[in-house]
Each structure stands twice: as structure tokens, then as C-alpha cells.
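Here's coords-v5.csv, which has CSV, N, CA and C atoms:
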```csv
chain,number,residue,atom,x,y,z
G,26,GLN,N,28.7,27.4,13.5
G,26,GLN,CA,29.2,26.5,12.5
G,26,GLN,C,28.1,26.2,11.5
G,27,GLY,N,28.3,26.4,10.2
G,27,GLY,CA,27.3,26.1,9.3
G,27,GLY,C,27.1,24.6,9.0
G,28,GLN,N,25.9,24.3,8.6
G,28,GLN,CA,25.6,22.9,8.3
G,28,GLN,C,24.4,22.9,7.4
G,29,PHE,N,24.2,21.7,6.7
G,29,PHE,CA,23.0,21.5,5.9
G,29,PHE,C,22.2,20.3,6.4
G,30,VAL,N,20.9,20.3,6.1
G,30,VAL,CA,20.1,19.1,6.3
G,30,VAL,C,19.5,18.8,4.9
G,31,GLU,N,19.9,17.7,4.4
G,31,GLU,CA,19.3,17.3,3.1
G,31,GLU,C,18.1,16.4,3.4
G,32,SER,N,17.1,16.5,2.5
G,32,SER,CA,15.9,15.6,2.6
G,32,SER,C,15.3,15.4,1.2
G,33,GLY,N,14.3,14.5,1.1
G,33,GLY,CA,13.6,14.3,-0.1
G,33,GLY,C,14.0,13.0,-0.8
G,34,GLY,N,15.1,12.3,-0.3
G,34,GLY,CA,15.5,11.0,-0.9
G,34,GLY,C,14.5,9.9,-0.7
G,35,GLY,N,14.7,8.8,-1.3
G,35,GLY,CA,13.8,7.7,-1.1
G,35,GLY,C,14.0,6.6,-2.2
G,36,LEU,N,13.1,5.7,-2.3
G,36,LEU,CA,13.1,4.7,-3.3
G,36,LEU,C,12.1,5.0,-4.4
G,37,VAL,N,12.6,5.0,-5.7
G,37,VAL,CA,11.8,5.3,-6.8
G,37,VAL,C,12.0,4.4,-7.9
G,38,GLN,N,11.1,4.2,-8.8
G,38,GLN,CA,11.3,3.3,-9.9
G,38,GLN,C,12.0,4.0,-11.0
G,39,PRO,N,12.7,3.3,-11.9
G,39,PRO,CA,13.3,4.0,-13.1
G,39,PRO,C,12.2,4.8,-13.9
G,40,GLY,N,12.7,6.0,-14.3
G,40,GLY,CA,11.7,6.9,-15.0
G,40,GLY,C,11.0,7.8,-14.0
G,41,GLY,N,11.1,7.6,-12.8
G,41,GLY,CA,10.4,8.4,-11.8
G,41,GLY,C,11.1,9.7,-11.5
G,42,SER,N,10.6,10.5,-10.5
G,42,SER,CA,11.1,11.8,-10.2
G,42,SER,C,11.2,11.9,-8.6
G,43,LEU,N,12.2,12.7,-8.2
G,43,LEU,CA,12.3,13.1,-6.8
G,43,LEU,C,12.8,14.5,-6.8
G,44,ARG,N,12.4,15.2,-5.7
G,44,ARG,CA,12.9,16.6,-5.5
G,44,ARG,C,13.6,16.6,-4.1
G,45,LEU,N,14.9,16.8,-4.2
G,45,LEU,CA,15.8,16.9,-3.0
G,45,LEU,C,15.8,18.4,-2.5
G,46,SER,N,15.9,18.5,-1.2
G,46,SER,CA,16.0,19.8,-0.6
G,46,SER,C,17.3,19.8,0.3
G,47,CYS,N,17.9,21.0,0.4
G,47,CYS,CA,19.1,21.2,1.2
G,47,CYS,C,18.9,22.5,2.0
G,48,ALA,N,18.5,22.3,3.2
G,48,ALA,CA,18.3,23.5,4.1
G,48,ALA,C,19.5,23.8,4.9
G,49,ALA,N,19.9,25.1,4.8
G,49,ALA,CA,21.1,25.6,5.5
G,49,ALA,C,20.8,26.2,6.8
G,50,SER,N,21.7,26.0,7.8
G,50,SER,CA,21.6,26.7,9.1
G,50,SER,C,23.0,27.2,9.5
G,51,GLY,N,23.0,28.3,10.2
G,51,GLY,CA,24.3,28.8,10.8
G,51,GLY,C,25.0,29.6,9.8
G,52,PHE,N,24.5,29.8,8.6
G,52,PHE,CA,25.1,30.8,7.7
G,52,PHE,C,24.1,31.2,6.7
G,53,THR,N,24.4,32.3,6.0
G,53,THR,CA,23.5,32.9,5.0
G,53,THR,C,23.7,32.3,3.6
G,54,LEU,N,22.8,31.5,3.2
G,54,LEU,CA,23.0,30.7,2.0
G,54,LEU,C,23.2,31.5,0.8
G,55,GLU,N,22.6,32.7,0.7
G,55,GLU,CA,22.7,33.5,-0.6
G,55,GLU,C,24.1,33.9,-0.9
G,56,LYS,N,25.0,33.9,0.1
G,56,LYS,CA,26.4,34.3,-0.2
G,56,LYS,C,27.3,33.2,-0.6
G,57,TYR,N,26.7,32.0,-0.8
G,57,TYR,CA,27.5,30.8,-1.1
G,57,TYR,C,27.1,30.2,-2.4
G,58,ALA,N,28.1,29.6,-3.1
G,58,ALA,CA,27.8,28.7,-4.2
G,58,ALA,C,27.5,27.3,-3.6
G,59,ILE,N,26.5,26.7,-4.2
G,59,ILE,CA,26.1,25.4,-3.7
G,59,ILE,C,26.2,24.3,-4.8
G,60,THR,N,26.7,23.2,-4.4
G,60,THR,CA,26.7,22.0,-5.3
G,60,THR,C,26.1,20.8,-4.7
G,61,TRP,N,25.4,20.1,-5.5
G,61,TRP,CA,24.9,18.8,-5.1
G,61,TRP,C,26.0,17.8,-5.6
G,62,PHE,N,26.4,16.9,-4.6
G,62,PHE,CA,27.3,15.8,-5.0
G,62,PHE,C,26.6,14.5,-4.7
G,63,ARG,N,27.1,13.4,-5.2
G,63,ARG,CA,26.6,12.1,-4.8
G,63,ARG,C,27.7,11.1,-4.7
G,64,GLN,N,27.5,10.1,-3.9
G,64,GLN,CA,28.5,9.1,-3.8
G,64,GLN,C,27.8,7.7,-3.7
G,65,ALA,N,28.2,6.8,-4.6
G,65,ALA,CA,27.7,5.5,-4.6
G,65,ALA,C,28.7,4.6,-3.9
G,66,PRO,N,28.2,3.4,-3.4
G,66,PRO,CA,29.1,2.5,-2.6
G,66,PRO,C,30.3,2.2,-3.5
G,67,GLY,N,31.5,2.3,-2.9
G,67,GLY,CA,32.7,1.9,-3.6
G,67,GLY,C,33.2,2.9,-4.6
G,68,LYS,N,32.6,4.1,-4.7
G,68,LYS,CA,32.9,5.1,-5.7
G,68,LYS,C,33.3,6.4,-5.0
G,69,GLU,N,34.0,7.3,-5.7
G,69,GLU,CA,34.3,8.6,-5.2
G,69,GLU,C,33.1,9.5,-5.3
G,70,ARG,N,33.1,10.5,-4.4
G,70,ARG,CA,32.1,11.5,-4.5
G,70,ARG,C,32.2,12.3,-5.8
G,71,GLU,N,31.1,12.5,-6.5
G,71,GLU,CA,31.1,13.2,-7.8
G,71,GLU,C,30.1,14.4,-7.8
G,72,GLY,N,30.5,15.4,-8.5
G,72,GLY,CA,29.6,16.6,-8.6
G,72,GLY,C,28.5,16.3,-9.5
G,73,VAL,N,27.3,16.7,-9.1
G,73,VAL,CA,26.1,16.5,-9.9
G,73,VAL,C,25.6,17.8,-10.5
G,74,SER,N,25.5,18.9,-9.7
G,74,SER,CA,25.0,20.2,-10.2
G,74,SER,C,25.4,21.3,-9.3
G,75,TYR,N,25.7,22.4,-9.9
G,75,TYR,CA,26.2,23.6,-9.2
G,75,TYR,C,25.3,24.8,-9.5
G,76,ILE,N,25.1,25.7,-8.4
G,76,ILE,CA,24.5,27.0,-8.7
G,76,ILE,C,25.3,28.1,-8.0
G,77,GLY,N,25.5,29.2,-8.7
G,77,GLY,CA,26.3,30.3,-8.1
G,77,GLY,C,25.5,31.0,-7.1
G,78,PRO,N,26.2,31.9,-6.3
G,78,PRO,CA,25.6,32.6,-5.2
G,78,PRO,C,24.6,33.6,-5.6
G,79,ASN,N,24.8,34.4,-6.6
G,79,ASN,CA,23.8,35.4,-7.0
G,79,ASN,C,24.0,35.7,-8.5
G,80,ASP,N,24.6,34.9,-9.3
G,80,ASP,CA,24.8,35.2,-10.7
G,80,ASP,C,24.0,34.3,-11.6
G,81,GLY,N,23.2,33.4,-11.1
G,81,GLY,CA,22.3,32.5,-11.9
G,81,GLY,C,23.1,31.5,-12.7
G,82,VAL,N,24.4,31.4,-12.5
G,82,VAL,CA,25.2,30.4,-13.2
G,82,VAL,C,24.9,29.0,-12.6
G,83,THR,N,24.7,28.0,-13.5
G,83,THR,CA,24.5,26.6,-13.1
G,83,THR,C,25.3,25.7,-14.0
G,84,TYR,N,25.8,24.7,-13.4
G,84,TYR,CA,26.5,23.6,-14.1
G,84,TYR,C,25.9,22.3,-13.8
G,85,TYR,N,26.1,21.4,-14.8
G,85,TYR,CA,25.5,20.0,-14.6
G,85,TYR,C,26.6,19.0,-15.1
G,86,ALA,N,26.6,17.9,-14.4
G,86,ALA,CA,27.4,16.8,-14.9
G,86,ALA,C,26.8,16.3,-16.2
G,87,ASP,N,27.6,15.8,-17.1
G,87,ASP,CA,27.1,15.3,-18.4
G,87,ASP,C,26.0,14.2,-18.2
G,88,ASN,N,26.2,13.4,-17.2
G,88,ASN,CA,25.2,12.2,-17.1
G,88,ASN,C,23.9,12.6,-16.5
G,89,VAL,N,23.7,13.9,-16.1
G,89,VAL,CA,22.4,14.3,-15.6
G,89,VAL,C,21.8,15.5,-16.4
G,90,GLN,N,22.6,16.0,-17.3
G,90,GLN,CA,22.2,17.2,-18.1
G,90,GLN,C,20.9,16.8,-18.8
G,91,GLY,N,19.9,17.7,-18.7
G,91,GLY,CA,18.6,17.5,-19.3
G,91,GLY,C,17.6,16.8,-18.4
G,92,ARG,N,18.1,16.1,-17.4
G,92,ARG,CA,17.2,15.4,-16.5
G,92,ARG,C,17.1,16.0,-15.1
G,93,PHE,N,18.1,16.7,-14.6
G,93,PHE,CA,18.1,17.3,-13.3
G,93,PHE,C,18.1,18.8,-13.5
G,94,SER,N,17.5,19.5,-12.5
G,94,SER,CA,17.5,20.9,-12.4
G,94,SER,C,17.7,21.4,-11.0
G,95,ILE,N,18.7,22.4,-10.9
G,95,ILE,CA,19.0,22.9,-9.6
G,95,ILE,C,18.4,24.3,-9.5
G,96,SER,N,18.0,24.7,-8.3
G,96,SER,CA,17.4,26.0,-8.0
G,96,SER,C,17.6,26.3,-6.6
G,97,ARG,N,17.5,27.6,-6.2
G,97,ARG,CA,17.7,28.0,-4.9
G,97,ARG,C,16.6,29.0,-4.5
G,98,ASP,N,16.2,29.0,-3.2
G,98,ASP,CA,15.3,30.0,-2.6
G,98,ASP,C,16.0,30.6,-1.4
G,99,ASN,N,16.7,31.7,-1.7
G,99,ASN,CA,17.5,32.3,-0.6
G,99,ASN,C,16.6,32.8,0.6
G,100,ALA,N,15.4,33.1,0.4
G,100,ALA,CA,14.5,33.5,1.5
G,100,ALA,C,14.3,32.4,2.4
G,101,LYS,N,14.3,31.2,1.9
G,101,LYS,CA,14.1,30.0,2.7
G,101,LYS,C,15.4,29.3,3.1
G,102,ASN,N,16.5,29.9,2.6
G,102,ASN,CA,17.8,29.3,2.9
G,102,ASN,C,17.9,27.9,2.4
G,103,THR,N,17.4,27.6,1.3
G,103,THR,CA,17.3,26.3,0.8
G,103,THR,C,17.6,26.2,-0.7
G,104,VAL,N,18.3,25.1,-1.1
G,104,VAL,CA,18.6,24.7,-2.5
G,104,VAL,C,17.9,23.4,-2.8
G,105,TYR,N,17.4,23.3,-4.0
G,105,TYR,CA,16.7,22.2,-4.5
G,105,TYR,C,17.3,21.5,-5.6
G,106,LEU,N,17.1,20.2,-5.8
G,106,LEU,CA,17.5,19.5,-6.9
G,106,LEU,C,16.3,18.6,-7.4
G,107,GLN,N,15.7,19.1,-8.6
G,107,GLN,CA,14.7,18.3,-9.2
G,107,GLN,C,15.3,17.3,-10.1
G,108,MET,N,14.9,16.0,-9.8
G,108,MET,CA,15.5,14.9,-10.6
G,108,MET,C,14.4,14.2,-11.3
G,109,ASN,N,14.4,14.2,-12.6
G,109,ASN,CA,13.4,13.5,-13.5
G,109,ASN,C,14.1,12.4,-14.3
G,110,ASN,N,13.2,11.5,-14.8
G,110,ASN,CA,13.7,10.4,-15.5
G,110,ASN,C,14.9,9.6,-14.9
G,111,LEU,N,14.7,9.3,-13.6
G,111,LEU,CA,15.7,8.7,-12.9
G,111,LEU,C,16.1,7.3,-13.4
G,112,LYS,N,17.4,7.0,-13.3
G,112,LYS,CA,18.0,5.7,-13.7
G,112,LYS,C,18.6,5.0,-12.6
G,113,PRO,N,18.8,3.7,-12.7
G,113,PRO,CA,19.4,2.9,-11.6
G,113,PRO,C,20.8,3.5,-11.3
G,114,GLU,N,21.5,4.0,-12.3
G,114,GLU,CA,22.9,4.5,-12.0
G,114,GLU,C,22.9,5.8,-11.2
G,115,ASP,N,21.7,6.4,-11.0
G,115,ASP,CA,21.6,7.6,-10.2
G,115,ASP,C,21.5,7.2,-8.7
G,116,THR,N,21.5,5.9,-8.4
G,116,THR,CA,21.4,5.5,-7.0
G,116,THR,C,22.7,5.9,-6.3
G,117,ALA,N,22.5,6.6,-5.2
G,117,ALA,CA,23.7,7.1,-4.4
G,117,ALA,C,23.2,7.9,-3.2
G,118,GLU,N,24.1,8.2,-2.3
G,118,GLU,CA,23.9,9.2,-1.2
G,118,GLU,C,24.1,10.6,-1.8
G,119,TYR,N,23.2,11.5,-1.7
G,119,TYR,CA,23.3,12.8,-2.2
G,119,TYR,C,23.6,13.8,-1.1
G,120,TYR,N,24.6,14.7,-1.4
G,120,TYR,CA,25.1,15.7,-0.4
G,120,TYR,C,25.1,17.1,-1.0
G,121,CYS,N,24.9,18.0,-0.1
G,121,CYS,CA,25.1,19.4,-0.4
G,121,CYS,C,26.5,19.9,0.1
G,122,GLY,N,27.1,20.7,-0.7
G,122,GLY,CA,28.4,21.4,-0.3
G,122,GLY,C,28.2,22.9,-0.6
G,123,ALA,N,28.8,23.7,0.3
G,123,ALA,CA,28.8,25.2,0.2
G,123,ALA,C,30.2,25.7,0.0
G,124,ALA,N,30.4,26.6,-1.0
G,124,ALA,CA,31.7,27.2,-1.2
G,124,ALA,C,31.4,28.7,-1.1
G,125,ASN,N,32.3,29.4,-0.3
G,125,ASN,CA,32.1,30.8,-0.1
G,125,ASN,C,32.8,31.7,-1.2
G,126,TYR,N,32.9,31.2,-2.4
G,126,TYR,CA,33.3,32.0,-3.5
G,126,TYR,C,32.8,31.4,-4.8
G,127,TYR,N,32.9,32.1,-5.9
G,127,TYR,CA,32.4,31.6,-7.2
G,127,TYR,C,33.3,30.5,-7.7
G,128,LEU,N,32.8,29.5,-8.3
G,128,LEU,CA,33.5,28.4,-8.9
G,128,LEU,C,33.4,28.4,-10.4
G,129,THR,N,34.4,27.8,-11.0
G,129,THR,CA,34.4,27.8,-12.5
G,129,THR,C,33.8,26.5,-13.0
G,130,ARG,N,33.7,26.4,-14.3
G,130,ARG,CA,33.2,25.2,-14.9
G,130,ARG,C,34.0,23.9,-14.6
G,131,ASN,N,35.2,24.1,-14.2
G,131,ASN,CA,36.1,22.9,-13.8
G,131,ASN,C,36.1,22.8,-12.3
G,132,SER,N,36.3,23.9,-11.6
G,132,SER,CA,36.6,23.9,-10.1
G,132,SER,C,35.4,23.5,-9.3
G,133,TRP,N,34.2,23.6,-9.8
G,133,TRP,CA,33.0,23.2,-9.0
G,133,TRP,C,33.0,21.7,-8.7
G,134,LEU,N,33.7,20.9,-9.4
G,134,LEU,CA,33.7,19.5,-9.3
G,134,LEU,C,34.6,19.0,-8.1
G,135,TYR,N,35.4,19.8,-7.6
G,135,TYR,CA,36.4,19.4,-6.6
G,135,TYR,C,36.0,19.6,-5.2
G,136,THR,N,35.9,18.6,-4.4
G,136,THR,CA,35.3,18.7,-3.0
G,136,THR,C,36.2,19.6,-2.1
G,137,LYS,N,37.4,19.8,-2.4
G,137,LYS,CA,38.3,20.6,-1.6
G,137,LYS,C,37.9,22.0,-1.6
G,138,ASN,N,37.1,22.5,-2.5
G,138,ASN,CA,36.6,23.9,-2.6
G,138,ASN,C,35.4,24.2,-1.7
G,139,TYR,N,34.9,23.2,-1.0
G,139,TYR,CA,33.7,23.4,-0.2
G,139,TYR,C,34.0,23.5,1.3
G,140,LYS,N,33.3,24.4,1.9
G,140,LYS,CA,33.5,24.7,3.3
G,140,LYS,C,32.5,23.9,4.2
G,141,TYR,N,31.3,23.9,3.8
G,141,TYR,CA,30.2,23.2,4.6
G,141,TYR,C,29.6,22.0,3.9
G,142,TRP,N,29.3,21.0,4.6
G,142,TRP,CA,28.7,19.8,4.0
G,142,TRP,C,27.5,19.3,4.9
G,143,GLY,N,26.5,18.7,4.2
G,143,GLY,CA,25.5,18.0,4.9
G,143,GLY,C,25.8,16.5,5.1
G,144,ARG,N,24.8,15.8,5.7
G,144,ARG,CA,25.0,14.4,6.0
G,144,ARG,C,24.5,13.5,4.9
G,145,GLY,N,23.7,14.1,4.0
G,145,GLY,CA,23.3,13.3,2.9
G,145,GLY,C,21.9,12.8,3.0
G,146,THR,N,21.3,12.4,1.8
G,146,THR,CA,20.0,11.7,1.8
G,146,THR,C,20.1,10.7,0.7
G,147,GLN,N,19.6,9.5,1.0
G,147,GLN,CA,19.8,8.4,0.1
G,147,GLN,C,18.7,8.3,-1.0
G,148,VAL,N,19.2,8.2,-2.2
G,148,VAL,CA,18.3,8.0,-3.4
G,148,VAL,C,18.6,6.6,-4.0
G,149,THR,N,17.5,5.8,-4.1
G,149,THR,CA,17.6,4.5,-4.7
G,149,THR,C,16.6,4.4,-5.8
G,150,VAL,N,17.2,4.0,-7.0
G,150,VAL,CA,16.3,3.9,-8.2
G,150,VAL,C,16.3,2.4,-8.5
G,151,SER,N,15.2,1.8,-8.4
G,151,SER,CA,15.1,0.3,-8.6
G,151,SER,C,13.7,-0.1,-8.8
G,152,THR,N,13.5,-1.2,-9.5
G,152,THR,CA,12.2,-1.8,-9.6
G,152,THR,C,11.9,-2.7,-8.4
```
Could I get this file's structure written as C-alpha cells?
Amino acid sequence: QGQFVESGGGLVQPGGSLRLSCAASGFTLEKYAITWFRQAPGKEREGVSYIGPNDGVTYYADNVQGRFSISRDNAKNTVYLQMNNLKPEDTAEYYCGAANYYLTRNSWLYTKNYKYWGRGTQVTVST
């Protein structure tokens, strides 16, 4: 059974940076499209950023475009999310999801398309 372990979350001041990691086990990451999602208390889980399995395609939510960057290291079976210029509204639990097929500009946002999930890492942006 495949699973993820997310790490790198923490408390950071507005304007600061964090780098999240998502390490996969039980499956070969390079065959999967990976998306970072986040969920704030009382809100639905929302897509943050997507990276395709081997085509270099990336998507970003409008509210993180230009601040966040997704990347993958298939040799390490790990996906990263570099988050810069963090804002209080970025505060949430961040999760990885893996889909075993390519997703489109619209379909990457839907949680039903993902087969494996991690347990999340908390990001808090506050003074």
C-alpha cells in the first residue's frame, strides 16, 4: 500500500519561507502525478500545486502563483514545495496526493482523482 510522509512544516512569520517535502513509500513516485493540497480549519481541501509524472507540466492555484514552486526528485522518491513570501492565509495542513494518470488544468484540483495520500504537515504563518 502506497503512502506519503510530509515534512518541513512549522511556524513562520509573514514574508518568510518554508520548504515542504513529500517522501513516498510503497510505490514508484516517477509514475505518478503529484499534487500538494492544503486544508484550513472549517474549509475544504484545496489544490495548491501539481506536477506531472514525467512531462514537466506544473499547475498552481492563483493565490500561490509566483510565490510557490513545486519540484520532484524521482531518484529520492520525493516531491518538494518551496513556499516563499508566506502570508497568514497560507496557514493550513498541507497534504500530498498521488494520481496514477495525467491530470488536466481543471482535473488536478479534484481530490477524487488521487489514489494515495499523506497525513499532512502543519504550516502556520503568524507574527
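A straight line drawn from atom N of Gln38 (chain G) to atom C of Ser151 (chain G) is 5.0 Å long.
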| task | For each of G:Tyr141, G:Val148, G:Val89, G:Tyr105, take the minimum atom-to-atom distance to Gly27 (chain G), counting all atoms listed in the file, then give the residue where this is smallest. | result | G:Tyr141
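Atom pair CA of Arg44 (chain G) / CA of Arg92 (chain G): separated by 11.9 Å.
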| Residue contacts of Leu43 (chain G) (9 Å, only C-alpha atoms) excluding same-chain residues fewer than 4 positions away, as number ranges by chain | G: 33-35, 37, 106-109, 111, 148
| task | Determine, counting all atoms listed in the file, which protein, DNA and RNA residues have an atom within 6.5 Å of an atom of region 85-88 of chain G; residues of the same chain fewer than 4 positions away are not included. Present the result as an MDAnalysis selection string. | result | chainID G and resid 72:75
| request: Check the smallest atom-to-atom distance from each of G:Asn79, G:Thr149, G:Gln90, G:Gln64 to Glu118 (chain G) using only N, CA and C atoms, then report the winner. | output: G:Gln64
| said: I'd like to know which residues of region 52-140 of chain G are strand (DSSP E) (by DSSP, run on the backbone); could you write them as a ChimeraX atom specification? | reply: /G:58-64,71-76,83-85,93-98,103-108,117-124
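Nearest-residue note for Asn99 (chain G): choosing from G:Ala117, G:Leu36, G:Ala49, G:Leu54, the minimum distance belongs to G:Leu54, counting only N, CA and C atoms.
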| What is the atom N of Lys112 (chain G)-atom N of Gly40 (chain G) distance in Å, reported with one decimal? | 4.9 Å
| said: Using all atoms listed in the file - which residues lie no farther than 6 Å from the point (16.4, 18.8, 2.7) in the file's frame? Write them as number ranges by chain. | reply: G: 30-33, 45-48
| message | Measuring between all atoms listed in the file, which one of G:Asn125, G:Thr83, G:Pro113, G:Gly41 shows the shortest distance to Ala58 (chain G)? | response | G:Asn125
| query | Looking at G:Trp142, G:Cys121, G:Glu114, G:Arg130, which one is nearest to Trp61 (chain G), with distances taken over all atoms listed in the file? | reply |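 Distance minimum relative to Trp61 (chain G) lands on G:Cys121.
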| said: I'd like to know which of G:Gly91, G:Tyr127, G:Asn138, G:Tyr119 is closest to Arg70 (chain G), using only C-alpha atoms. | reply: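 Of all the options, G:Tyr119 lies closest to Arg70 (chain G).
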Tyr126 (chain G) surroundings by all atoms listed in the file, 8 Å radius, close-in-sequence under 4 positions cut, as a PDB file with N, CA and C atoms, in the coordinates of the input:
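What follows is the written file selection05.pdb:
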```
ATOM      1  N   LYS G  56      25.000  33.900   0.100  1.00  0.00           N
ATOM      2  CA  LYS G  56      26.400  34.300  -0.200  1.00  0.00           C
ATOM      3  C   LYS G  56      27.300  33.200  -0.600  1.00  0.00           C
ATOM      4  N   TYR G  57      26.700  32.000  -0.800  1.00  0.00           N
ATOM      5  CA  TYR G  57      27.500  30.800  -1.100  1.00  0.00           C
ATOM      6  C   TYR G  57      27.100  30.200  -2.400  1.00  0.00           C
ATOM      7  N   ALA G  58      28.100  29.600  -3.100  1.00  0.00           N
ATOM      8  CA  ALA G  58      27.800  28.700  -4.200  1.00  0.00           C
ATOM      9  C   ALA G  58      27.500  27.300  -3.600  1.00  0.00           C
ATOM     10  N   ILE G  59      26.500  26.700  -4.200  1.00  0.00           N
ATOM     11  CA  ILE G  59      26.100  25.400  -3.700  1.00  0.00           C
ATOM     12  C   ILE G  59      26.200  24.300  -4.800  1.00  0.00           C
ATOM     13  N   GLY G  77      25.500  29.200  -8.700  1.00  0.00           N
ATOM     14  CA  GLY G  77      26.300  30.300  -8.100  1.00  0.00           C
ATOM     15  C   GLY G  77      25.500  31.000  -7.100  1.00  0.00           C
ATOM     16  N   PRO G  78      26.200  31.900  -6.300  1.00  0.00           N
ATOM     17  CA  PRO G  78      25.600  32.600  -5.200  1.00  0.00           C
ATOM     18  C   PRO G  78      24.600  33.600  -5.600  1.00  0.00           C
ATOM     19  N   ASN G 138      37.100  22.500  -2.500  1.00  0.00           N
ATOM     20  CA  ASN G 138      36.600  23.900  -2.600  1.00  0.00           C
ATOM     21  C   ASN G 138      35.400  24.200  -1.700  1.00  0.00           C
TER      22      ASN G 138
END
```
